[in-house]
Amino acid sequence: MLPQAFLDRMEKQLGEEFPAFLASLERPRAVALRFNPLKGAQPALSFVGDPVPWEPMGYYYDPEARPGLHPYHEAGVYYLQEASAMAPVQLLDPQPGERVCDLCAAPGGKTTQIAGRMAGEGLLLCNEINPKRARILSRNIERMGVANALVTNEHPGKLAQQLPEYFDRVLIDAPCSGEGMFRKEEAAVTDWSQETVEMCARRQAEILDSGAQLLREGGRLVYSTCTFAPEEDEMAVADFLSRHPEFEPETVVAPWFEAGENGAFRMWPHKLLGEGHFAAVLRKKGEKPKEIHKTSGEKLPKCWQEFAKQMDITLPEGQAISFGENLFWASAELPPLRGLKVLRPGLELGTVKKDRFEPAHALALWLKSCANQADFAPHSDKIAAYMHGDVLPTQIKGWCLVTVGGFSLGWGKGDGRILKNHYPKGLRRMG
């Protein structure tokens, strides 16, 4: 049962469209996934259906197929993402080589979508204030093979204070009352109240102010929610513009969305295959040129250089950073990290122990190929055994990239007879 106060407000909001809106909430929801361009050409999959109109890499799928259990999911070939939730990044329009900030990024759907658009070039800062959700975000960054992402667990205000006017684009997919998710999540219904709406609106205003500070002149800010409440949507944007005269609505052609005032767009579940969503596109006035900020970082250790030569691995432009024994490869435009809670400064290359190098799972997922690799079919017994943690027969000696259908999945190490399994224990499948 939907809250009566919510129904009364929606009837006033929608007028004669209200019955169609109510009927849409009774229909089975459409489910979608988004292919990952960082992994290369997308495979043909029997359960993938019609394209999502507003996202070139998005497709609806058969919900009975359970694509989250397919090995391709663990290989980062696609991300399961609600179709309407793909729209804000389309409006953000991130470009390779830019500095982009996803300020409320967990669990990582929009962040990994941005990463695909950036094609590994530039800097993507993805932040989450909740520590548990930040760890989930970091794992999804790893799974999708994103190399240029800085993952932080910070209050937006602290980031704004430390990195003023640093970013070309900022996405704020704000925590909200979740009215657009009523059909998807029962908890969104039970947790709803008008007090929650008003509390969310206050929190959103604070996050928006931080986002404004992070954005350079001439940059684009996209604010989005998955709620219908005007207090969190149109009114939040209007209040923001009144507090920030340095911003103005930006005109964006988006034929799939219902356009409103102040650069706002609505997505209604009775008008498309997706849940409810709101977004607004705002521009910071002026044209301050992007300042060049590139550092060289540390020198890569000899053991990495030997490993990379042996495996034929070439890193993109960037810099080396050590966190204890862990070696990372980060964007050349990485900002100063002192004082920030950093979960992942970039791509984890592996662990350096004395003169020995052990490659990280993240490196495997980033690679498309290397000198030593063993490929298995997605539904083969061998790939099932590998994901279970078993050893496999092989003639390979040394480190080996295990791939599924040509997509990287993890590491093994061969002695000429068997391939010792290095698939992370926390990801192994039971039974």
# chains A, B, ... in the order shown; residues from 1 in each chain; ligands from 1
>>> select_by_dssp(residues="stretch 278-340 of chain A", states="helix (DSSP H, G or I)", output="JSON, numbers by chain")
{"A": [302, 303, 304, 305, 306, 307, 308, 309, 310, 311]}
>>> residues_around(residues="A:Glu325", least_positions_apart="2", cutoff="10 Å", atoms="only C-alpha atoms", output="PyMOL selection string")
chain A and resi 322-323+327-328+350-354+357
>>> write_last_selection(atoms="C-alpha atoms", output="compact mmCIF listing (two decimals), in the first residue's frame")
# COMPACT_ATOMS: atom_id res chain seq x y z
CA SER A 322 52.57 3.20 -3.24
CA PHE A 323 50.21 2.47 -0.35
CA LEU A 327 51.34 -0.42 -5.92
CA PHE A 328 48.79 1.68 -7.83
CA GLY A 350 49.72 -5.49 -7.29
CA THR A 351 51.87 -6.12 -4.23
CA VAL A 352 55.61 -5.55 -3.99
CA LYS A 353 57.28 -7.90 -1.50
CA LYS A 354 61.04 -7.41 -1.41
CA PHE A 357 55.76 -8.79 -7.59
>>> residues_around(residues="A:Val52", least_positions_apart="2", cutoff="9 Å", atoms="only C-alpha atoms", output="PDB file with C-alpha atoms, in the first residue's frame")
ATOM      1  CA  ALA A  32      18.177  -3.313 -17.921  1.00  0.00           C
ATOM      2  CA  ARG A  34      24.654  -1.472 -19.624  1.00  0.00           C
ATOM      3  CA  ASP A  50      15.693  -3.988 -27.005  1.00  0.00           C
ATOM      4  CA  TRP A  54      18.689   7.260 -24.087  1.00  0.00           C
ATOM      5  CA  GLU A  55      21.854   5.179 -23.505  1.00  0.00           C
ATOM      6  CA  PRO A  56      23.813   3.713 -26.463  1.00  0.00           C
ATOM      7  CA  MET A  57      25.260   0.905 -24.319  1.00  0.00           C
ATOM      8  CA  GLY A  58      22.014   0.138 -22.454  1.00  0.00           C
ATOM      9  CA  TYR A  59      19.656  -2.776 -23.149  1.00  0.00           C
ATOM     10  CA  TYR A  60      16.613  -4.316 -21.530  1.00  0.00           C
ATOM     11  CA  ALA A  83      17.152   2.141 -17.299  1.00  0.00           C
ATOM     12  CA  SER A  84      16.043   5.586 -16.084  1.00  0.00           C
ATOM     13  CA  MET A  86      21.228   5.827 -17.044  1.00  0.00           C
ATOM     14  CA  LEU A 273      10.129   1.657 -19.745  1.00  0.00           C
TER      15      LEU A 273
END
>>> atom_distance(atom1="atom CA of A:Glu232", atom2="atom CA of A:Ser193")
13.2 Å
>>> atom_distance(atom1="atom CA of A:Leu343", atom2="atom CA of A:Cys303")
24.3 Å
>>> atom_distance(atom1="atom CA of A:Pro51", atom2="atom CA of A:Ala87")
13.4 Å
>>> residues_around(residues="A:Leu419", least_positions_apart="3", cutoff="6 Å", atoms="only C-alpha atoms", output="short mmCIF file (atom, residue, chain, number, x, y, z; two decimals) with N, CA and C atoms, in the first residue's frame")
data_model
loop_
_atom_site.label_atom_id
_atom_site.label_comp_id
_atom_site.auth_asym_id
_atom_site.auth_seq_id
_atom_site.Cartn_x
_atom_site.Cartn_y
_atom_site.Cartn_z
N VAL A 391 41.96 -25.73 -8.99
CA VAL A 391 43.09 -25.67 -9.92
C VAL A 391 42.63 -26.22 -11.27
N LEU A 392 43.38 -25.85 -12.33
CA LEU A 392 43.04 -26.30 -13.68
C LEU A 392 44.28 -26.89 -14.34
N PRO A 393 44.10 -27.85 -15.26
CA PRO A 393 45.26 -28.38 -15.98
C PRO A 393 45.79 -27.34 -16.97
N THR A 394 47.11 -27.27 -17.11
CA THR A 394 47.71 -26.30 -18.04
C THR A 394 49.15 -26.70 -18.34
N GLY A 412 45.90 -16.80 -12.67
CA GLY A 412 46.32 -18.11 -12.24
C GLY A 412 47.84 -18.16 -12.37
N LYS A 413 48.45 -19.16 -11.78
CA LYS A 413 49.90 -19.30 -11.90
C LYS A 413 50.22 -20.77 -12.18
N GLY A 414 50.83 -21.00 -13.34
CA GLY A 414 51.07 -22.37 -13.78
C GLY A 414 52.48 -22.86 -13.50
#
>>> residues_around(residues="A:Val222", least_positions_apart="3", cutoff="10 Å", atoms="only C-alpha atoms", output="list in words")
Pro88, Val89, Gln90, Leu91, Leu92, Asp93, Asp102, Arg169, Val170, Leu171, Ile172, Asp173, Leu208, Gly211, Glu250, Gly263, Ala264, Ala279, Ala280, Val281, Leu282 and Arg283 of chain A
>>> closest_residue(among="A:Glu16, A:Asp209, A:Glu121, A:Asp312", to="A:Ala330", atoms="only C-alpha atoms")
A:Glu121
>>> select_by_dssp(residues="stretch 262-408 of chain A", states="strand (DSSP E or B)", output="ChimeraX atom specification")
/A:264-267,277-284,297-298,319-323,326-330,342-344,347-353,356-359,373-376,392-393,397-404,407-408
>>> write_last_selection(atoms="C-alpha atoms", output="mmCIF file, in the first residue's frame")
data_model
loop_
_atom_site.group_PDB
_atom_site.id
_atom_site.type_symbol
_atom_site.label_atom_id
_atom_site.label_comp_id
_atom_site.auth_asym_id
_atom_site.auth_seq_id
_atom_site.Cartn_x
_atom_site.Cartn_y
_atom_site.Cartn_z
ATOM 1 C CA ALA A 264 15.004 20.264 -15.535
ATOM 2 C CA PHE A 265 13.894 16.942 -17.004
ATOM 3 C CA ARG A 266 11.364 14.400 -15.721
ATOM 4 C CA MET A 267 11.045 10.694 -16.436
ATOM 5 C CA HIS A 277 13.744 10.045 -12.301
ATOM 6 C CA PHE A 278 14.483 13.763 -12.220
ATOM 7 C CA ALA A 279 17.509 15.668 -13.501
ATOM 8 C CA ALA A 280 18.552 19.282 -14.019
ATOM 9 C CA VAL A 281 21.448 20.586 -16.112
ATOM 10 C CA LEU A 282 23.186 23.727 -14.821
ATOM 11 C CA ARG A 283 26.195 25.690 -16.043
ATOM 12 C CA LYS A 284 28.632 27.782 -14.044
ATOM 13 C CA GLY A 297 54.651 10.284 -9.141
ATOM 14 C CA GLU A 298 57.078 7.559 -8.076
ATOM 15 C CA GLN A 319 51.829 7.956 -12.239
ATOM 16 C CA ALA A 320 52.835 5.304 -9.712
ATOM 17 C CA ILE A 321 51.685 5.560 -6.093
ATOM 18 C CA SER A 322 52.565 3.199 -3.237
ATOM 19 C CA PHE A 323 50.205 2.472 -0.347
ATOM 20 C CA ASN A 326 50.385 -2.086 -2.648
ATOM 21 C CA LEU A 327 51.344 -0.416 -5.918
ATOM 22 C CA PHE A 328 48.788 1.683 -7.828
ATOM 23 C CA TRP A 329 48.764 3.406 -11.204
ATOM 24 C CA ALA A 330 46.852 6.692 -11.023
ATOM 25 C CA VAL A 342 41.175 7.467 -0.069
ATOM 26 C CA LEU A 343 40.005 3.915 -0.767
ATOM 27 C CA ARG A 344 41.551 3.620 -4.216
ATOM 28 C CA LEU A 347 44.342 1.054 -10.747
ATOM 29 C CA GLU A 348 45.841 -1.422 -8.285
ATOM 30 C CA LEU A 349 48.773 -3.083 -10.040
ATOM 31 C CA GLY A 350 49.724 -5.488 -7.289
ATOM 32 C CA THR A 351 51.873 -6.116 -4.234
ATOM 33 C CA VAL A 352 55.615 -5.552 -3.991
ATOM 34 C CA LYS A 353 57.280 -7.901 -1.497
ATOM 35 C CA ARG A 356 58.873 -10.129 -5.855
ATOM 36 C CA PHE A 357 55.764 -8.793 -7.588
ATOM 37 C CA GLU A 358 52.300 -10.338 -7.223
ATOM 38 C CA PRO A 359 49.664 -8.916 -9.587
ATOM 39 C CA GLN A 373 46.549 -16.254 -20.993
ATOM 40 C CA ALA A 374 44.095 -19.138 -20.968
ATOM 41 C CA ASP A 375 40.584 -18.673 -22.354
ATOM 42 C CA PHE A 376 37.521 -20.727 -21.432
ATOM 43 C CA LEU A 392 43.043 -26.297 -13.680
ATOM 44 C CA PRO A 393 45.257 -28.380 -15.983
ATOM 45 C CA LYS A 397 54.431 -21.731 -16.617
ATOM 46 C CA GLY A 398 54.272 -18.543 -14.566
ATOM 47 C CA TRP A 399 51.523 -15.981 -14.216
ATOM 48 C CA CYS A 400 48.562 -16.437 -16.549
ATOM 49 C CA LEU A 401 45.550 -14.231 -17.276
ATOM 50 C CA VAL A 402 42.371 -16.319 -17.141
ATOM 51 C CA THR A 403 39.732 -15.095 -19.590
ATOM 52 C CA VAL A 404 36.131 -16.095 -20.242
ATOM 53 C CA PHE A 407 37.172 -11.183 -21.408
ATOM 54 C CA SER A 408 39.635 -11.040 -18.509
#
>>> residues_around(residues="A:Gly339", least_positions_apart="6", cutoff="12 Å", atoms="only C-alpha atoms", output="list in words")
Thr152, Asn153, Glu154, Lys158, Leu159, Gln161, Gln162 and Leu163 of chain A
>>> write_last_selection(atoms="C-alpha atoms", output="short mmCIF file (atom, residue, chain, number, x, y, z; two decimals), in the first residue's frame")
data_model
loop_
_atom_site.label_atom_id
_atom_site.label_comp_id
_atom_site.auth_asym_id
_atom_site.auth_seq_id
_atom_site.Cartn_x
_atom_site.Cartn_y
_atom_site.Cartn_z
CA THR A 152 37.13 8.69 -1.71
CA ASN A 153 35.04 8.32 1.44
CA GLU A 154 34.53 11.96 2.36
CA LYS A 158 35.57 18.66 2.72
CA LEU A 159 36.18 17.79 -0.94
CA GLN A 161 37.17 22.92 0.52
CA GLN A 162 40.22 20.99 -0.69
CA LEU A 163 39.51 20.99 -4.46
#
>>> closest_residue(among="A:Lys382, A:Lys184, A:Arg99, A:His155", to="A:Met118", atoms="only C-alpha atoms")
A:Arg99
>>> closest_residue(among="A:Met387, A:Ala332, A:Leu25, A:Leu340", to="A:Gly180", atoms="only C-alpha atoms")
A:Leu25
>>> residues_around(residues="A:His422", least_positions_apart="3", cutoff="9 Å", atoms="only C-alpha atoms", output="number ranges by chain")
A: 361, 386, 389, 410-413, 425
>>> closest_residue(among="A:Asn372, A:Thr251, A:Asn148, A:Ser242", to="A:Gln310", atoms="only C-alpha atoms")
A:Asn372
>>> decode(residues="stretch 170-183 of chain A", atoms="N, CA and C atoms", output="PDB file, in the first residue's frame")
ATOM      1  N   VAL A 170      30.446  17.963 -12.813  1.00  0.00           N
ATOM      2  CA  VAL A 170      30.098  17.390 -11.513  1.00  0.00           C
ATOM      3  C   VAL A 170      28.713  16.772 -11.607  1.00  0.00           C
ATOM      4  N   LEU A 171      28.605  15.529 -11.171  1.00  0.00           N
ATOM      5  CA  LEU A 171      27.310  14.862 -11.075  1.00  0.00           C
ATOM      6  C   LEU A 171      26.936  14.730  -9.605  1.00  0.00           C
ATOM      7  N   ILE A 172      25.716  15.154  -9.286  1.00  0.00           N
ATOM      8  CA  ILE A 172      25.182  14.964  -7.932  1.00  0.00           C
ATOM      9  C   ILE A 172      23.916  14.132  -8.054  1.00  0.00           C
ATOM     10  N   ASP A 173      24.062  12.831  -7.900  1.00  0.00           N
ATOM     11  CA  ASP A 173      22.903  11.936  -7.850  1.00  0.00           C
ATOM     12  C   ASP A 173      22.551  11.810  -6.378  1.00  0.00           C
ATOM     13  N   ALA A 174      21.748  12.741  -5.918  1.00  0.00           N
ATOM     14  CA  ALA A 174      21.609  12.985  -4.487  1.00  0.00           C
ATOM     15  C   ALA A 174      20.798  11.914  -3.764  1.00  0.00           C
ATOM     16  N   PRO A 175      21.170  11.611  -2.516  1.00  0.00           N
ATOM     17  CA  PRO A 175      20.305  10.779  -1.668  1.00  0.00           C
ATOM     18  C   PRO A 175      18.936  11.443  -1.568  1.00  0.00           C
ATOM     19  N   CYS A 176      17.875  10.651  -1.732  1.00  0.00           N
ATOM     20  CA  CYS A 176      16.536  11.248  -1.794  1.00  0.00           C
ATOM     21  C   CYS A 176      15.522  10.328  -1.130  1.00  0.00           C
ATOM     22  N   SER A 177      14.262  10.741  -1.158  1.00  0.00           N
ATOM     23  CA  SER A 177      13.195   9.949  -0.540  1.00  0.00           C
ATOM     24  C   SER A 177      12.820   8.733  -1.361  1.00  0.00           C
ATOM     25  N   GLY A 178      13.324   8.608  -2.584  1.00  0.00           N
ATOM     26  CA  GLY A 178      13.203   7.373  -3.357  1.00  0.00           C
ATOM     27  C   GLY A 178      11.823   7.033  -3.871  1.00  0.00           C
ATOM     28  N   GLU A 179      10.981   8.032  -4.099  1.00  0.00           N
ATOM     29  CA  GLU A 179       9.621   7.748  -4.569  1.00  0.00           C
ATOM     30  C   GLU A 179       9.611   7.050  -5.919  1.00  0.00           C
ATOM     31  N   GLY A 180      10.589   7.332  -6.749  1.00  0.00           N
ATOM     32  CA  GLY A 180      10.664   6.681  -8.053  1.00  0.00           C
ATOM     33  C   GLY A 180      11.023   5.213  -7.973  1.00  0.00           C
ATOM     34  N   MET A 181      11.434   4.753  -6.784  1.00  0.00           N
ATOM     35  CA  MET A 181      11.824   3.356  -6.596  1.00  0.00           C
ATOM     36  C   MET A 181      10.750   2.548  -5.863  1.00  0.00           C
ATOM     37  N   PHE A 182       9.555   3.118  -5.677  1.00  0.00           N
ATOM     38  CA  PHE A 182       8.503   2.403  -4.943  1.00  0.00           C
ATOM     39  C   PHE A 182       8.209   1.039  -5.558  1.00  0.00           C
ATOM     40  N   ARG A 183       8.226   0.950  -6.896  1.00  0.00           N
ATOM     41  CA  ARG A 183       7.928  -0.316  -7.558  1.00  0.00           C
ATOM     42  C   ARG A 183       9.085  -1.306  -7.411  1.00  0.00           C
TER      43      ARG A 183
END
